[in-house]
file input28.pdb (PDB, N, CA and C atoms and all ligand atoms)
ATOM      1  N   MET A   1      46.382 -67.642  -1.716
ATOM      2  CA  MET A   1      46.015 -69.043  -1.867
ATOM      3  C   MET A   1      44.652 -69.139  -2.532
ATOM      4  N   THR A   2      44.513 -70.117  -3.384
ATOM      5  CA  THR A   2      43.251 -70.323  -4.069
ATOM      6  C   THR A   2      42.563 -71.570  -3.534
ATOM      7  N   MET A   3      41.318 -71.380  -3.184
ATOM      8  CA  MET A   3      40.550 -72.502  -2.674
ATOM      9  C   MET A   3      39.675 -73.048  -3.792
ATOM     10  N   ARG A   4      39.750 -74.327  -3.984
ATOM     11  CA  ARG A   4      38.942 -74.935  -5.041
ATOM     12  C   ARG A   4      37.901 -75.877  -4.438
ATOM     13  N   THR A   5      36.699 -75.720  -4.928
ATOM     14  CA  THR A   5      35.621 -76.572  -4.462
ATOM     15  C   THR A   5      35.023 -77.309  -5.655
ATOM     16  N   TYR A   6      34.863 -78.577  -5.524
ATOM     17  CA  TYR A   6      34.294 -79.378  -6.599
ATOM     18  C   TYR A   6      32.933 -79.918  -6.175
ATOM     19  N   ARG A   7      32.000 -79.837  -7.110
ATOM     20  CA  ARG A   7      30.708 -80.488  -6.889
ATOM     21  C   ARG A   7      30.431 -81.356  -8.106
ATOM     22  N   HIS A   8      29.964 -82.553  -7.838
ATOM     23  CA  HIS A   8      29.735 -83.495  -8.925
ATOM     24  C   HIS A   8      28.244 -83.717  -9.125
ATOM     25  N   PHE A   9      27.904 -83.842 -10.391
ATOM     26  CA  PHE A   9      26.511 -84.047 -10.758
ATOM     27  C   PHE A   9      26.415 -85.219 -11.723
ATOM     28  N   VAL A  10      25.226 -85.755 -11.816
ATOM     29  CA  VAL A  10      24.981 -86.824 -12.778
ATOM     30  C   VAL A  10      23.569 -86.644 -13.331
ATOM     31  N   CYS A  11      23.395 -86.952 -14.617
ATOM     32  CA  CYS A  11      22.078 -86.838 -15.223
ATOM     33  C   CYS A  11      21.401 -88.206 -15.211
ATOM     34  N   PRO A  12      20.086 -88.233 -15.434
ATOM     35  CA  PRO A  12      19.364 -89.518 -15.372
ATOM     36  C   PRO A  12      19.897 -90.547 -16.363
ATOM     37  N   ASN A  13      20.608 -90.103 -17.384
ATOM     38  CA  ASN A  13      21.158 -91.030 -18.372
ATOM     39  C   ASN A  13      22.604 -91.407 -18.076
ATOM     40  N   GLY A  14      23.086 -90.972 -16.956
ATOM     41  CA  GLY A  14      24.400 -91.422 -16.539
ATOM     42  C   GLY A  14      25.556 -90.525 -16.945
ATOM     43  N   HIS A  15      25.271 -89.413 -17.616
ATOM     44  CA  HIS A  15      26.347 -88.495 -17.973
ATOM     45  C   HIS A  15      26.774 -87.718 -16.728
ATOM     46  N   ARG A  16      28.031 -87.416 -16.700
ATOM     47  CA  ARG A  16      28.551 -86.749 -15.512
ATOM     48  C   ARG A  16      28.884 -85.294 -15.771
ATOM     49  N   GLY A  17      28.694 -84.504 -14.757
ATOM     50  CA  GLY A  17      29.051 -83.100 -14.833
ATOM     51  C   GLY A  17      29.796 -82.688 -13.583
ATOM     52  N   GLU A  18      30.514 -81.593 -13.717
ATOM     53  CA  GLU A  18      31.308 -81.140 -12.595
ATOM     54  C   GLU A  18      31.297 -79.622 -12.546
ATOM     55  N   GLU A  19      31.174 -79.108 -11.359
ATOM     56  CA  GLU A  19      31.287 -77.676 -11.143
ATOM     57  C   GLU A  19      32.516 -77.420 -10.296
ATOM     58  N   LYS A  20      33.411 -76.628 -10.840
ATOM     59  CA  LYS A  20      34.615 -76.280 -10.092
ATOM     60  C   LYS A  20      34.563 -74.806  -9.750
ATOM     61  N   THR A  21      34.658 -74.521  -8.481
ATOM     62  CA  THR A  21      34.668 -73.135  -8.033
ATOM     63  C   THR A  21      36.049 -72.806  -7.499
ATOM     64  N   SER A  22      36.675 -71.820  -8.113
ATOM     65  CA  SER A  22      37.960 -71.339  -7.625
ATOM     66  C   SER A  22      37.735 -70.021  -6.914
ATOM     67  N   GLU A  23      38.221 -69.935  -5.726
ATOM     68  CA  GLU A  23      37.940 -68.763  -4.902
ATOM     69  C   GLU A  23      39.219 -68.306  -4.205
ATOM     70  N   ASN A  24      39.437 -67.041  -4.263
ATOM     71  CA  ASN A  24      40.590 -66.468  -3.581
ATOM     72  C   ASN A  24      40.227 -66.193  -2.131
ATOM     73  N   ASP A  25      40.930 -66.836  -1.240
ATOM     74  CA  ASP A  25      40.595 -66.613   0.167
ATOM     75  C   ASP A  25      41.692 -65.844   0.904
ATOM     76  N   GLN A  26      42.490 -65.120   0.152
ATOM     77  CA  GLN A  26      43.466 -64.252   0.794
ATOM     78  C   GLN A  26      42.732 -63.105   1.488
ATOM     79  N   PRO A  27      43.085 -62.839   2.712
ATOM     80  CA  PRO A  27      42.362 -61.810   3.454
ATOM     81  C   PRO A  27      42.632 -60.392   2.969
ATOM     82  N   TYR A  28      43.780 -60.121   2.382
ATOM     83  CA  TYR A  28      44.128 -58.742   2.057
ATOM     84  C   TYR A  28      44.145 -58.451   0.564
ATOM     85  N   SER A  29      43.542 -59.330  -0.199
ATOM     86  CA  SER A  29      43.469 -59.055  -1.627
ATOM     87  C   SER A  29      42.013 -59.073  -2.056
ATOM     88  N   LYS A  30      41.811 -58.627  -3.261
ATOM     89  CA  LYS A  30      40.452 -58.526  -3.756
ATOM     90  C   LYS A  30      39.822 -59.912  -3.864
ATOM     91  N   HIS A  31      38.588 -59.971  -3.462
ATOM     92  CA  HIS A  31      37.889 -61.239  -3.537
ATOM     93  C   HIS A  31      37.481 -61.528  -4.974
ATOM     94  N   TRP A  32      37.661 -62.753  -5.388
ATOM     95  CA  TRP A  32      37.178 -63.159  -6.697
ATOM     96  C   TRP A  32      36.746 -64.599  -6.638
ATOM     97  N   GLU A  33      35.958 -64.945  -7.586
ATOM     98  CA  GLU A  33      35.439 -66.298  -7.630
ATOM     99  C   GLU A  33      35.198 -66.669  -9.075
ATOM    100  N   GLN A  34      35.627 -67.846  -9.450
ATOM    101  CA  GLN A  34      35.446 -68.282 -10.822
ATOM    102  C   GLN A  34      34.841 -69.672 -10.837
ATOM    103  N   VAL A  35      33.786 -69.826 -11.596
ATOM    104  CA  VAL A  35      33.103 -71.109 -11.673
ATOM    105  C   VAL A  35      33.303 -71.705 -13.053
ATOM    106  N   THR A  36      33.761 -72.926 -13.084
ATOM    107  CA  THR A  36      33.953 -73.627 -14.343
ATOM    108  C   THR A  36      33.046 -74.847 -14.370
ATOM    109  N   LEU A  37      32.277 -74.964 -15.435
ATOM    110  CA  LEU A  37      31.373 -76.096 -15.563
ATOM    111  C   LEU A  37      31.911 -77.063 -16.604
ATOM    112  N   THR A  38      31.845 -78.333 -16.303
ATOM    113  CA  THR A  38      32.292 -79.362 -17.231
ATOM    114  C   THR A  38      31.162 -80.356 -17.460
ATOM    115  N   GLY A  39      30.811 -80.575 -18.703
ATOM    116  CA  GLY A  39      29.821 -81.582 -19.037
ATOM    117  C   GLY A  39      28.384 -81.156 -18.812
ATOM    118  N   MET A  40      28.209 -79.912 -18.408
ATOM    119  CA  MET A  40      26.853 -79.417 -18.171
ATOM    120  C   MET A  40      26.879 -77.899 -18.269
ATOM    121  N   ARG A  41      25.682 -77.315 -18.309
ATOM    122  CA  ARG A  41      25.626 -75.858 -18.343
ATOM    123  C   ARG A  41      24.510 -75.398 -17.423
ATOM    124  N   ALA A  42      24.576 -74.146 -17.051
ATOM    125  CA  ALA A  42      23.558 -73.609 -16.166
ATOM    126  C   ALA A  42      22.235 -73.523 -16.910
ATOM    127  N   ALA A  43      21.179 -73.935 -16.255
ATOM    128  CA  ALA A  43      19.861 -73.832 -16.856
ATOM    129  C   ALA A  43      19.478 -72.364 -16.963
ATOM    130  N   THR A  44      18.816 -72.035 -18.062
ATOM    131  CA  THR A  44      18.555 -70.627 -18.329
ATOM    132  C   THR A  44      17.460 -70.071 -17.429
ATOM    133  N   SER A  45      16.472 -70.870 -17.153
ATOM    134  CA  SER A  45      15.346 -70.357 -16.380
ATOM    135  C   SER A  45      15.518 -70.688 -14.906
ATOM    136  N   ILE A  46      16.163 -69.802 -14.236
ATOM    137  CA  ILE A  46      16.317 -69.989 -12.799
ATOM    138  C   ILE A  46      15.252 -69.175 -12.080
ATOM    139  N   GLN A  47      14.353 -69.861 -11.473
ATOM    140  CA  GLN A  47      13.322 -69.184 -10.703
ATOM    141  C   GLN A  47      13.887 -68.782  -9.352
ATOM    142  N   ASN A  48      13.061 -68.134  -8.585
ATOM    143  CA  ASN A  48      13.527 -67.705  -7.272
ATOM    144  C   ASN A  48      13.519 -68.869  -6.285
ATOM    145  N   GLY A  49      14.088 -69.948  -6.707
ATOM    146  CA  GLY A  49      14.166 -71.113  -5.835
ATOM    147  C   GLY A  49      15.491 -71.145  -5.116
ATOM    148  N   GLU A  50      15.766 -72.261  -4.505
ATOM    149  CA  GLU A  50      17.043 -72.374  -3.857
ATOM    150  C   GLU A  50      18.098 -72.876  -4.824
ATOM    151  N   GLY A  51      19.137 -72.125  -4.943
ATOM    152  CA  GLY A  51      20.274 -72.580  -5.713
ATOM    153  C   GLY A  51      20.046 -72.570  -7.206
ATOM    154  N   GLU A  52      21.017 -73.092  -7.893
ATOM    155  CA  GLU A  52      21.014 -73.079  -9.329
ATOM    156  C   GLU A  52      20.664 -74.456  -9.852
ATOM    157  N   ARG A  53      20.338 -74.476 -11.137
ATOM    158  CA  ARG A  53      20.076 -75.754 -11.779
ATOM    159  C   ARG A  53      21.014 -75.895 -12.964
ATOM    160  N   PHE A  54      21.344 -77.128 -13.267
ATOM    161  CA  PHE A  54      22.207 -77.397 -14.408
ATOM    162  C   PHE A  54      21.539 -78.432 -15.298
ATOM    163  N   VAL A  55      21.856 -78.355 -16.579
ATOM    164  CA  VAL A  55      21.357 -79.361 -17.511
ATOM    165  C   VAL A  55      22.529 -80.018 -18.224
ATOM    166  N   CYS A  56      22.320 -81.252 -18.610
ATOM    167  CA  CYS A  56      23.362 -82.047 -19.247
ATOM    168  C   CYS A  56      23.684 -81.495 -20.636
ATOM    169  N   LEU A  57      24.949 -81.399 -20.956
ATOM    170  CA  LEU A  57      25.356 -80.932 -22.277
ATOM    171  C   LEU A  57      25.040 -81.952 -23.359
ATOM    172  N   GLN A  58      25.008 -83.211 -23.011
ATOM    173  CA  GLN A  58      24.849 -84.258 -24.011
ATOM    174  C   GLN A  58      23.396 -84.566 -24.324
ATOM    175  N   CYS A  59      22.539 -84.546 -23.313
ATOM    176  CA  CYS A  59      21.146 -84.921 -23.553
ATOM    177  C   CYS A  59      20.151 -83.882 -23.043
ATOM    178  N   GLY A  60      20.607 -82.885 -22.335
ATOM    179  CA  GLY A  60      19.730 -81.801 -21.928
ATOM    180  C   GLY A  60      18.886 -82.079 -20.705
ATOM    181  N   ALA A  61      19.113 -83.217 -20.066
ATOM    182  CA  ALA A  61      18.331 -83.547 -18.885
ATOM    183  C   ALA A  61      18.831 -82.761 -17.669
ATOM    184  N   ASP A  62      17.970 -82.655 -16.687
ATOM    185  CA  ASP A  62      18.371 -81.991 -15.459
ATOM    186  C   ASP A  62      19.459 -82.781 -14.747
ATOM    187  N   MET A  63      20.460 -82.073 -14.280
ATOM    188  CA  MET A  63      21.516 -82.727 -13.528
ATOM    189  C   MET A  63      21.101 -82.869 -12.075
ATOM    190  N   ILE A  64      21.535 -83.949 -11.486
ATOM    191  CA  ILE A  64      21.232 -84.240 -10.086
ATOM    192  C   ILE A  64      22.544 -84.250  -9.318
ATOM    193  N   PRO A  65      22.595 -83.569  -8.177
ATOM    194  CA  PRO A  65      23.818 -83.614  -7.388
ATOM    195  C   PRO A  65      24.199 -85.054  -7.061
ATOM    196  N   ALA A  66      25.413 -85.411  -7.356
ATOM    197  CA  ALA A  66      25.866 -86.768  -7.094
ATOM    198  C   ALA A  66      26.247 -86.925  -5.638
ATOM    199  N   ALA A  67      25.955 -88.078  -5.116
ATOM    200  CA  ALA A  67      26.391 -88.359  -3.751
ATOM    201  C   ALA A  67      27.902 -88.299  -3.727
ATOM    202  N   SER A  68      28.410 -87.433  -2.899
ATOM    203  CA  SER A  68      29.852 -87.197  -2.921
ATOM    204  C   SER A  68      30.527 -87.897  -1.758
ATOM    205  N   SER A  69      31.451 -88.733  -2.108
ATOM    206  CA  SER A  69      32.356 -89.195  -1.078
ATOM    207  C   SER A  69      33.300 -88.049  -0.791
ATOM    208  N   SER A  70      33.666 -87.891   0.429
ATOM    209  CA  SER A  70      34.411 -86.704   0.827
ATOM    210  C   SER A  70      35.668 -86.519  -0.013
ATOM    211  N   GLY A  71      35.800 -85.344  -0.569
ATOM    212  CA  GLY A  71      36.967 -85.042  -1.349
ATOM    213  C   GLY A  71      36.513 -84.813  -2.735
TER     214      GLY A  71
HETATM  215 ZN    ZN B   1      22.879 -86.602 -20.030
END

call {"tool": "encode", "arguments": {"input": "input28.pdb", "output": "structure tokens", "more": "lines below"}}
Ligand SMILES: [Zn+2]
result
Amino acid sequence: MTMRTYRHFVCPNGHRGEEKTSENDQPYSKHWEQVTLTGMRAATSIQNGEGERFVCLQCGADMIPAASSSG
């Protein structure tokens, strides 16, 4: 079974981005994880901070985690 997790982001100019993580949660098979980014890309300079940063593909602004309604 594949578990998919979605996280939504928005930039200050209103562009939307999405991070989709597909993860294999089968107990007896090899673990794998695949991350697909839509509308944004990972920021190149990741310092030793918490988590990752993303920038907008359209305007290059920092993406902000969008308030997520469950689901
Ligand atoms: Zn933008």

call {"tool": "residues_near_ligand", "arguments": {"input": "input28.pdb", "ligand": "ligand ZN 1 (chain B)", "cutoff": "8 Å", "atoms": "all atoms listed in the file", "output": "list in words"}}
result
Val10, Cys11, Pro12, Asn13, Gly14, His15, Arg16, Gly39, Val55, Cys56, Leu57, Gln58, Cys59, Gly60, Ala61, Asp62 and Met63 of chain A

call {"tool": "write_last_selection", "arguments": {"input": "input28.pdb", "atoms": "N, CA and C atoms", "output": "short mmCIF file (atom, residue, chain, number, x, y, z; two decimals), keeping the file's coordinate frame"}}
result
data_model
loop_
_atom_site.label_atom_id
_atom_site.label_comp_id
_atom_site.auth_asym_id
_atom_site.auth_seq_id
_atom_site.Cartn_x
_atom_site.Cartn_y
_atom_site.Cartn_z
N VAL A 10 25.23 -85.76 -11.82
CA VAL A 10 24.98 -86.82 -12.78
C VAL A 10 23.57 -86.64 -13.33
N CYS A 11 23.40 -86.95 -14.62
CA CYS A 11 22.08 -86.84 -15.22
C CYS A 11 21.40 -88.21 -15.21
N PRO A 12 20.09 -88.23 -15.43
CA PRO A 12 19.36 -89.52 -15.37
C PRO A 12 19.90 -90.55 -16.36
N ASN A 13 20.61 -90.10 -17.38
CA ASN A 13 21.16 -91.03 -18.37
C ASN A 13 22.60 -91.41 -18.08
N GLY A 14 23.09 -90.97 -16.96
CA GLY A 14 24.40 -91.42 -16.54
C GLY A 14 25.56 -90.52 -16.94
N HIS A 15 25.27 -89.41 -17.62
CA HIS A 15 26.35 -88.50 -17.97
C HIS A 15 26.77 -87.72 -16.73
N ARG A 16 28.03 -87.42 -16.70
CA ARG A 16 28.55 -86.75 -15.51
C ARG A 16 28.88 -85.29 -15.77
N GLY A 39 30.81 -80.58 -18.70
CA GLY A 39 29.82 -81.58 -19.04
C GLY A 39 28.38 -81.16 -18.81
N VAL A 55 21.86 -78.36 -16.58
CA VAL A 55 21.36 -79.36 -17.51
C VAL A 55 22.53 -80.02 -18.22
N CYS A 56 22.32 -81.25 -18.61
CA CYS A 56 23.36 -82.05 -19.25
C CYS A 56 23.68 -81.50 -20.64
N LEU A 57 24.95 -81.40 -20.96
CA LEU A 57 25.36 -80.93 -22.28
C LEU A 57 25.04 -81.95 -23.36
N GLN A 58 25.01 -83.21 -23.01
CA GLN A 58 24.85 -84.26 -24.01
C GLN A 58 23.40 -84.57 -24.32
N CYS A 59 22.54 -84.55 -23.31
CA CYS A 59 21.15 -84.92 -23.55
C CYS A 59 20.15 -83.88 -23.04
N GLY A 60 20.61 -82.88 -22.34
CA GLY A 60 19.73 -81.80 -21.93
C GLY A 60 18.89 -82.08 -20.70
N ALA A 61 19.11 -83.22 -20.07
CA ALA A 61 18.33 -83.55 -18.89
C ALA A 61 18.83 -82.76 -17.67
N ASP A 62 17.97 -82.66 -16.69
CA ASP A 62 18.37 -81.99 -15.46
C ASP A 62 19.46 -82.78 -14.75
N MET A 63 20.46 -82.07 -14.28
CA MET A 63 21.52 -82.73 -13.53
C MET A 63 21.10 -82.87 -12.08
#

call {"tool": "atom_distance", "arguments": {"input": "input28.pdb", "atom1": "atom N of His8 in chain A", "atom2": "CA of Pro27 in chain A"}}
result
26.7 Å

call {"tool": "residues_around", "arguments": {"input": "input28.pdb", "residues": "Val35 in chain A", "least_positions_apart": "4", "cutoff": "7 Å", "atoms": "only N, CA and C atoms", "output": "VMD selection string"}}
result
chain A and resid 19 to 22

call {"tool": "resolve_selection", "arguments": {"input": "input28.pdb", "expression": "the PyMOL selection byres (((chain A and resi 2) around 7) and not hetatm)", "output": "list in words"}}
result
Met1, Met3, Arg4, Ser22, Glu23, Asn24, Asp25 and Gln26 of chain A

call {"tool": "atom_distance", "arguments": {"input": "input28.pdb", "atom1": "atom N of His31 in chain A", "atom2": "atom C of Gly17 in chain A"}}
result
26.4 Å

call {"tool": "resolve_selection", "arguments": {"input": "input28.pdb", "expression": "the PyMOL selection byres (((chain A and resi 42) around 5) and not hetatm)", "output": "list of chain:residue names"}}
result
A:Met40, A:Arg41, A:Ala43, A:Thr44, A:Arg53, A:Phe54, A:Val55

call {"tool": "write_last_selection", "arguments": {"input": "input28.pdb", "atoms": "N, CA and C atoms", "output": "short mmCIF file (atom, residue, chain, number, x, y, z; two decimals), in the frame of the given file"}}
result
data_model
loop_
_atom_site.label_atom_id
_atom_site.label_comp_id
_atom_site.auth_asym_id
_atom_site.auth_seq_id
_atom_site.Cartn_x
_atom_site.Cartn_y
_atom_site.Cartn_z
N MET A 40 28.21 -79.91 -18.41
CA MET A 40 26.85 -79.42 -18.17
C MET A 40 26.88 -77.90 -18.27
N ARG A 41 25.68 -77.32 -18.31
CA ARG A 41 25.63 -75.86 -18.34
C ARG A 41 24.51 -75.40 -17.42
N ALA A 43 21.18 -73.94 -16.26
CA ALA A 43 19.86 -73.83 -16.86
C ALA A 43 19.48 -72.36 -16.96
N THR A 44 18.82 -72.04 -18.06
CA THR A 44 18.56 -70.63 -18.33
C THR A 44 17.46 -70.07 -17.43
N ARG A 53 20.34 -74.48 -11.14
CA ARG A 53 20.08 -75.75 -11.78
C ARG A 53 21.01 -75.90 -12.96
N PHE A 54 21.34 -77.13 -13.27
CA PHE A 54 22.21 -77.40 -14.41
C PHE A 54 21.54 -78.43 -15.30
N VAL A 55 21.86 -78.36 -16.58
CA VAL A 55 21.36 -79.36 -17.51
C VAL A 55 22.53 -80.02 -18.22
#

call {"tool": "select_by_dssp", "arguments": {"input": "input28.pdb", "residues": "chain A", "states": "strand (DSSP E or B)", "output": "PyMOL selection string"}}
result
chain A and resi 2-10+16-24+33-38+40-42+54-56+62+64-65

call {"tool": "atom_distance", "arguments": {"input": "input28.pdb", "atom1": "atom N of Ser29 in chain A", "atom2": "CA of Glu52 in chain A"}}
result
27.9 Å

call {"tool": "axis_aligned_box", "arguments": {"input": "input28.pdb", "around": "range 12-25 of chain A", "padding_each_side": "6 Å", "output": "JSON"}}
result
{"center_x": 30.5, "center_y": -78.6, "center_z": -8.7, "size_x": 34.3, "size_y": 37.6, "size_z": 31.3}

call {"tool": "resolve_selection", "arguments": {"input": "input28.pdb", "expression": "the PyMOL selection byres (((chain A and resi 66) around 7) and not hetatm)", "output": "MDAnalysis selection string"}}
result
chainID A and resid 7:10 63:65 67:69
